[in-house]
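K.L.:
Before I ask anything, let me first share the structure, which is written out below as structure tokens.
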Amino acid sequence: MAGLKATSPTQLLNSTFGFESFKPGQRQIIDHLLNKTHVLAVMPTGSGKSLCYQIPPLVLNERAVVVSPLMALMDDQVAVLQDLGIPADRIHSNRSYEDNSDAWNQFKSRQSSLLYMSPEMLMSQKMLSALQRVETGMFVIDEAHCISKWGANFRPDYEALSKLNEIFPQAVIAAFTATADTATQQDIVQKLTKNNAVRFVQGFDRPNLRLTVKPKLNWKTQLLAFLDDKKQCSGIVYCLSRKQTEEVATFLQSKGYNSIAYHAGLDSETRSKHQDRFMTDPYVIMAATIAFGMGIDKPDIRFVAHVSLPGSMEAYYQEIGRAGRDGEPAETLLIYGLNDLFQRRRFIEDDGEDQGYKLREHKRLDSLLAYCEASSCRRIALLHYFNERISPCGNCDNCIDPPELIDGSELAKMTLSAIYRTGQFFGAAHIIDVLRGSRSEKIIERGHDQIKTFGIGSKYSKPYLQSFIRQLIAAGHIVLNIKKYGGLEISESGFKLLKGTTRFQCKQPSEPTPKQKIGRTLKESIPTHIYSGENAELLSRLKQKRLTLAQDQGVPAFVVFVDTVLYQMVERKPRNRDEFLNLVGVGPAKLEKYGDSFLSVINNS
Ligand code: ADP
Ligand code: MG
Ligand code: ZN
């Protein structure tokens, strides 16, 4: 592959990438890199970070090494670039010696400008000395938060990258990440550039993601209801345990979905086979633990569901963030119950001796809980956590179907009194039994049928009281004591409520109606005319064509075209090559390679 002729960033954007304009932030970052300024860019998933480092080496006709944490990710990125006619390659341990040395020779002779590598490959003595003999203009560190112990995914392999700046003082360092709070950002900049980088921090908002949180009643039924309109979508279901991933995958298979499991207990061959299937097959649902995640660059993931509580707000944000990178509508669902919270708290308690760490982690979990129990716009709550202010979003469950607010002071008093009179020792299930007047063995044995609040809440269902107690916990009036196996204790503010000196406003806990749907479904939120009648048929034939073309080359479908390009084909129905070239995301290389195939599908419709 021959090197591209040097040209301006805009020309490359328009002609090679086929895009009309830069996305916010891209141009500034490119300009800084062209001026050889170190950069740390914190930009949300799907905001187009790759373009920021792919363009400068092409403009300057220089070499750039791109560090990326996953081999599969490198393969896909390189496939996308090569398909655009951009000379790029990768070196990693899953490729043959010959392929790797071909890639190196191309890079060395400037036939290609972008070379992707894993951190351990780059920092090997052999590679470093080879690189010292050629001139490299830029080192790109993707997923840069992996270098920081403050961040969510510290990777020991990344730590060695802090030597790069010293070894290659002439080269510019470009670091990218989607999640890094201020402390993590400082750590990254300190380690990679000795505090010498310009920071670009872009908003965290991902308005195309629908946010929904539901109390856990029966997760299987709830998951099925959620997936009902998503038969032709790929997505991820995050689970707490390895066992649960297998359970979810088997369950979904039995319901006719194409679902597979992914967790750290699988051998690496199975893991990469499953990951490949997720990237390449159409409509795969991955049931996974958090082991599946970093660098999942598939742009057309249409949903992310959680069947239990994530570990923190950061983790939640990162996990849902894998959906909808292409900017099209995508849905998220979090189903959680008090048991999940208890388990999470226990994980934290069991994790070593560092008290400061535990306190921090419990606080992070508190924020997530408050988010789950929020009674107004969820996006406001989510972004508030990342210090961003927005107005109500219109794309979360609370905006679409605002919960009714009630004065829960009386029921709160009864509940707190039941907790107090049973010795602040029992978990939510027992307290609910007391309130509802259950004559269980445990209750009779302890004489809890004799206390004043016994049966006082008999008119409420269990889920109603569960929701109510979760809200008391989220508001900090009740504390879940892990050392007492989830026993409920009353906090200082809880005692004020018990005495009646403060009041408690809360959401009307809804009675269970798991089948009930709220708001628009996914299909309805993508412009309807694309999904109806002849258009639906055309879209499906275009998708089929894309799949065939991708399979012929052994690449994921999105390498050929992402969904948004297919939507444009349906909407604008280009009839000839000129019109085809006008689609956003189509440049000359794509036109040459695929234009006629897709035009014939459109012209025969
Ligand atoms: P990130 O790494 O920030 O999550 P990517 O670099 O993977 O995001 O880009 C996400 C999607 O946006 C890709 O499909 C990419 O082709 C597309 N994209 C990037 N820049 C532009 C642009 N200027 N105009 C239109 N689409 C773009
Ligand atoms: Mg990226
Ligand atoms: Zn909202």
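Please note that chains go A, B, ... in the order of the structure tokens, that every chain numbers its residues from 1, and that ligands are numbered from 1 in the order shown.
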Per residue of chain A within 10 Å of ligand 1, record the nearest atom pair and its distance in Å to one decimal, counting only C-alpha atoms and all ligand atoms, with rows in chain order and ascending residue number, as JSON lines.

P.N.:
{"residue": "A:Thr10", "atom": "CA", "partner": "ligand 1", "partner_atom_place_in_ligand_line": "23 (N)", "distance": 9.7}
{"residue": "A:Leu13", "atom": "CA", "partner": "ligand 1", "partner_atom_place_in_ligand_line": "23 (N)", "distance": 7.0}
{"residue": "A:Asn14", "atom": "CA", "partner": "ligand 1", "partner_atom_place_in_ligand_line": "23 (N)", "distance": 8.9}
{"residue": "A:Phe17", "atom": "CA", "partner": "ligand 1", "partner_atom_place_in_ligand_line": "16 (O)", "distance": 7.8}
{"residue": "A:Gly18", "atom": "CA", "partner": "ligand 1", "partner_atom_place_in_ligand_line": "24 (N)", "distance": 8.2}
{"residue": "A:Phe19", "atom": "CA", "partner": "ligand 1", "partner_atom_place_in_ligand_line": "24 (N)", "distance": 4.8}
{"residue": "A:Glu20", "atom": "CA", "partner": "ligand 1", "partner_atom_place_in_ligand_line": "24 (N)", "distance": 6.3}
{"residue": "A:Ser21", "atom": "CA", "partner": "ligand 1", "partner_atom_place_in_ligand_line": "23 (N)", "distance": 5.2}
{"residue": "A:Phe22", "atom": "CA", "partner": "ligand 1", "partner_atom_place_in_ligand_line": "23 (N)", "distance": 3.8}
{"residue": "A:Lys23", "atom": "CA", "partner": "ligand 1", "partner_atom_place_in_ligand_line": "23 (N)", "distance": 4.5}
{"residue": "A:Pro24", "atom": "CA", "partner": "ligand 1", "partner_atom_place_in_ligand_line": "23 (N)", "distance": 8.2}
{"residue": "A:Gly25", "atom": "CA", "partner": "ligand 1", "partner_atom_place_in_ligand_line": "23 (N)", "distance": 9.7}
{"residue": "A:Gln26", "atom": "CA", "partner": "ligand 1", "partner_atom_place_in_ligand_line": "23 (N)", "distance": 7.4}
{"residue": "A:Arg27", "atom": "CA", "partner": "ligand 1", "partner_atom_place_in_ligand_line": "23 (N)", "distance": 9.0}
{"residue": "A:Ala41", "atom": "CA", "partner": "ligand 1", "partner_atom_place_in_ligand_line": "3 (O)", "distance": 9.7}
{"residue": "A:Val42", "atom": "CA", "partner": "ligand 1", "partner_atom_place_in_ligand_line": "3 (O)", "distance": 8.9}
{"residue": "A:Met43", "atom": "CA", "partner": "ligand 1", "partner_atom_place_in_ligand_line": "3 (O)", "distance": 6.3}
{"residue": "A:Pro44", "atom": "CA", "partner": "ligand 1", "partner_atom_place_in_ligand_line": "3 (O)", "distance": 6.0}
{"residue": "A:Thr45", "atom": "CA", "partner": "ligand 1", "partner_atom_place_in_ligand_line": "4 (O)", "distance": 3.5}
{"residue": "A:Gly46", "atom": "CA", "partner": "ligand 1", "partner_atom_place_in_ligand_line": "4 (O)", "distance": 3.5}
{"residue": "A:Ser47", "atom": "CA", "partner": "ligand 1", "partner_atom_place_in_ligand_line": "3 (O)", "distance": 4.1}
{"residue": "A:Gly48", "atom": "CA", "partner": "ligand 1", "partner_atom_place_in_ligand_line": "6 (O)", "distance": 3.4}
{"residue": "A:Lys49", "atom": "CA", "partner": "ligand 1", "partner_atom_place_in_ligand_line": "3 (O)", "distance": 3.7}
{"residue": "A:Ser50", "atom": "CA", "partner": "ligand 1", "partner_atom_place_in_ligand_line": "6 (O)", "distance": 3.7}
{"residue": "A:Leu51", "atom": "CA", "partner": "ligand 1", "partner_atom_place_in_ligand_line": "6 (O)", "distance": 5.7}
{"residue": "A:Cys52", "atom": "CA", "partner": "ligand 1", "partner_atom_place_in_ligand_line": "6 (O)", "distance": 7.9}
{"residue": "A:Tyr53", "atom": "CA", "partner": "ligand 1", "partner_atom_place_in_ligand_line": "6 (O)", "distance": 9.3}
{"residue": "A:Gln54", "atom": "CA", "partner": "ligand 1", "partner_atom_place_in_ligand_line": "6 (O)", "distance": 9.4}
{"residue": "A:Gln77", "atom": "CA", "partner": "ligand 1", "partner_atom_place_in_ligand_line": "7 (O)", "distance": 8.5}
{"residue": "A:Val80", "atom": "CA", "partner": "ligand 1", "partner_atom_place_in_ligand_line": "16 (O)", "distance": 8.8}
{"residue": "A:Leu81", "atom": "CA", "partner": "ligand 1", "partner_atom_place_in_ligand_line": "16 (O)", "distance": 9.9}
{"residue": "A:Asp142", "atom": "CA", "partner": "ligand 1", "partner_atom_place_in_ligand_line": "2 (O)", "distance": 8.4}
{"residue": "A:Glu143", "atom": "CA", "partner": "ligand 1", "partner_atom_place_in_ligand_line": "2 (O)", "distance": 8.9}
{"residue": "A:Phe176", "atom": "CA", "partner": "ligand 1", "partner_atom_place_in_ligand_line": "2 (O)", "distance": 8.2}
{"residue": "A:Thr177", "atom": "CA", "partner": "ligand 1", "partner_atom_place_in_ligand_line": "3 (O)", "distance": 8.0}
{"residue": "A:Ala178", "atom": "CA", "partner": "ligand 1", "partner_atom_place_in_ligand_line": "3 (O)", "distance": 7.1}
{"residue": "A:Gly295", "atom": "CA", "partner": "ligand 1", "partner_atom_place_in_ligand_line": "2 (O)", "distance": 8.6}
{"residue": "A:Ile296", "atom": "CA", "partner": "ligand 1", "partner_atom_place_in_ligand_line": "4 (O)", "distance": 9.2}
{"residue": "A:Asp297", "atom": "CA", "partner": "ligand 1", "partner_atom_place_in_ligand_line": "7 (O)", "distance": 6.1}
{"residue": "A:Lys298", "atom": "CA", "partner": "ligand 1", "partner_atom_place_in_ligand_line": "7 (O)", "distance": 8.1}
{"residue": "A:Pro299", "atom": "CA", "partner": "ligand 1", "partner_atom_place_in_ligand_line": "14 (O)", "distance": 5.9}
{"residue": "A:Asp300", "atom": "CA", "partner": "ligand 1", "partner_atom_place_in_ligand_line": "14 (O)", "distance": 8.7}
{"residue": "A:Gly321", "atom": "CA", "partner": "ligand 1", "partner_atom_place_in_ligand_line": "4 (O)", "distance": 8.9}
{"residue": "A:Arg322", "atom": "CA", "partner": "ligand 1", "partner_atom_place_in_ligand_line": "4 (O)", "distance": 8.5}
{"residue": "A:Gly324", "atom": "CA", "partner": "ligand 1", "partner_atom_place_in_ligand_line": "10 (C)", "distance": 9.3}
{"residue": "A:Arg325", "atom": "CA", "partner": "ligand 1", "partner_atom_place_in_ligand_line": "10 (C)", "distance": 5.6}
{"residue": "A:Asp326", "atom": "CA", "partner": "ligand 1", "partner_atom_place_in_ligand_line": "11 (C)", "distance": 5.2}
{"residue": "A:Gly327", "atom": "CA", "partner": "ligand 1", "partner_atom_place_in_ligand_line": "12 (O)", "distance": 7.5}
{"residue": "A:Phe558", "atom": "CA", "partner": "ligand 1", "partner_atom_place_in_ligand_line": "14 (O)", "distance": 8.3}
{"residue": "A:Val559", "atom": "CA", "partner": "ligand 1", "partner_atom_place_in_ligand_line": "14 (O)", "distance": 9.2}
{"residue": "A:Phe561", "atom": "CA", "partner": "ligand 1", "partner_atom_place_in_ligand_line": "14 (O)", "distance": 8.7}
{"residue": "A:Val562", "atom": "CA", "partner": "ligand 1", "partner_atom_place_in_ligand_line": "14 (O)", "distance": 6.4}
{"residue": "A:Asp563", "atom": "CA", "partner": "ligand 1", "partner_atom_place_in_ligand_line": "14 (O)", "distance": 9.0}
{"residue": "A:Thr564", "atom": "CA", "partner": "ligand 1", "partner_atom_place_in_ligand_line": "14 (O)", "distance": 8.6}
{"residue": "A:Val565", "atom": "CA", "partner": "ligand 1", "partner_atom_place_in_ligand_line": "14 (O)", "distance": 9.7}
{"residue": "A:Val584", "atom": "CA", "partner": "ligand 1", "partner_atom_place_in_ligand_line": "25 (C)", "distance": 7.0}
{"residue": "A:Gly585", "atom": "CA", "partner": "ligand 1", "partner_atom_place_in_ligand_line": "25 (C)", "distance": 6.7}

K.L.:
May I have the residues within 10 Å of ligand 3, computed using only C-alpha atoms and all ligand atoms, as a list of chain:residue names?

P.N.:
A:Pro207, A:Arg210, A:Leu211, A:Thr212, A:Ser376, A:Cys377, A:Arg378, A:Arg379, A:Ile380, A:Ala381, A:Leu382, A:Ile390, A:Ser391, A:Pro392, A:Cys393, A:Gly394, A:Asn395, A:Cys396, A:Asp397, A:Asn398, A:Cys399, A:Ile400, A:Asp401, A:Pro402

K.L.:
Just checking: using only C-alpha atoms and all ligand atoms, which residue out of A:Thr422, A:Thr179, A:Asn165, A:Asn218 ends up closest to ligand 2?

P.N.:
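Of the candidates, the smallest distance to ligand 2 is held by A:Thr179.
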
K.L.:
In range 367-478 of chain A, what's helix (DSSP H, G or I) per DSSP? Answer as a count of residues only?

P.N.:
62

K.L.:
Quick one, how far is CA of Ala79 in chain A from CA of Leu566 in chain A?

P.N.:
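Computing the Euclidean distance for CA of Ala79 in chain A and CA of Leu566 in chain A yields 18.9 Å.
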
K.L.:
Neighbouring residues of range 589-601 of chain A were defined as those with any atom within 9 Å, considering only C-alpha atoms; residues of the same chain fewer than 3 positions away were excluded. Please report them as a PyMOL selection string.

P.N.:
chain A and resi 15-18+83-85+538+541-542+545-546+549+560-561+569+573-577+580-581+585-586+604-605

K.L.:
Calculated over only C-alpha atoms and all ligand atoms, which of the candidates A:Phe495, A:Leu411, A:Pro69, A:Ile478 has the smallest distance to ligand 2?

P.N.:
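Closest residue, counting only C-alpha atoms and all ligand atoms: A:Pro69.
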
K.L.:
List the neighbours of Val307 in chain A out to 8 Å using only C-alpha atoms; skip same-chain residues closer than 3 positions along the sequence, and give me the result as a list in words.

P.N.:
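These residues fall inside the cut-off: Trp219, Leu223, Val237, Tyr238, Cys239, Leu240, Leu334, Ile335 and Tyr336 of chain A.
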
K.L.:
When you count only C-alpha atoms, which of these residues is closest to Lys108 in chain A: A:Ser162, A:Gly476, A:Gln132, A:Val434?

P.N.:
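Closest candidate: A:Gln132.
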
K.L.:
May I have the residues within 6 Å of Pro556 in chain A as a list of chain:residue names, using only C-alpha atoms and disregarding those fewer than 3 positions away in the same chain?

P.N.:
A:Met279, A:Thr280, A:Ala550, A:Val559

K.L.:
Mind checking which residues fall within 12 Å of Asp366 in chain A, counting only C-alpha atoms, ignoring those fewer than 3 positions away in the same chain, and posting them as a ChimeraX atom specification?

P.N.:
/A:309-313,341-342,344-345,359-363,369-373,385,470-471,473-476,479-480

K.L.:
Write out as a list in words the residues lying within 12 Å of Gln125 in chain A, counting only C-alpha atoms and excluding same-chain residues fewer than 6 positions away.

P.N.:
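My reading of the contact set: Leu131, Gln132, Ala160 and Ile167 of chain A.
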
K.L.:
Which parts of range 157-239 of chain A does DSSP call strand (DSSP E) when run on the backbone here, written out as number ranges by chain?

P.N.:
A: 172-177, 198-201, 209-215, 234-238

K.L.:
Given only C-alpha atoms and all ligand atoms as the basis, pick out the residue of A:Arg63, A:Arg206, A:Ser68, A:Asp449 nearest to ligand 2.

P.N.:
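Using only C-alpha atoms and all ligand atoms, ligand 2 sits closest to A:Ser68.
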
K.L.:
Find the residue from A:Thr453, A:Ile141, A:Tyr357, A:Leu115 that sits nearest to ligand 2; use only C-alpha atoms and all ligand atoms when measuring.

P.N.:
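The shortest atom-to-atom distance to ligand 2 comes from A:Ile141.
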
K.L.:
What does the distance between CA of Ala261 in chain A and CA of Ala287 in chain A come to in Å, to one decimal place?

P.N.:
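So the answer is 4.7 Å.
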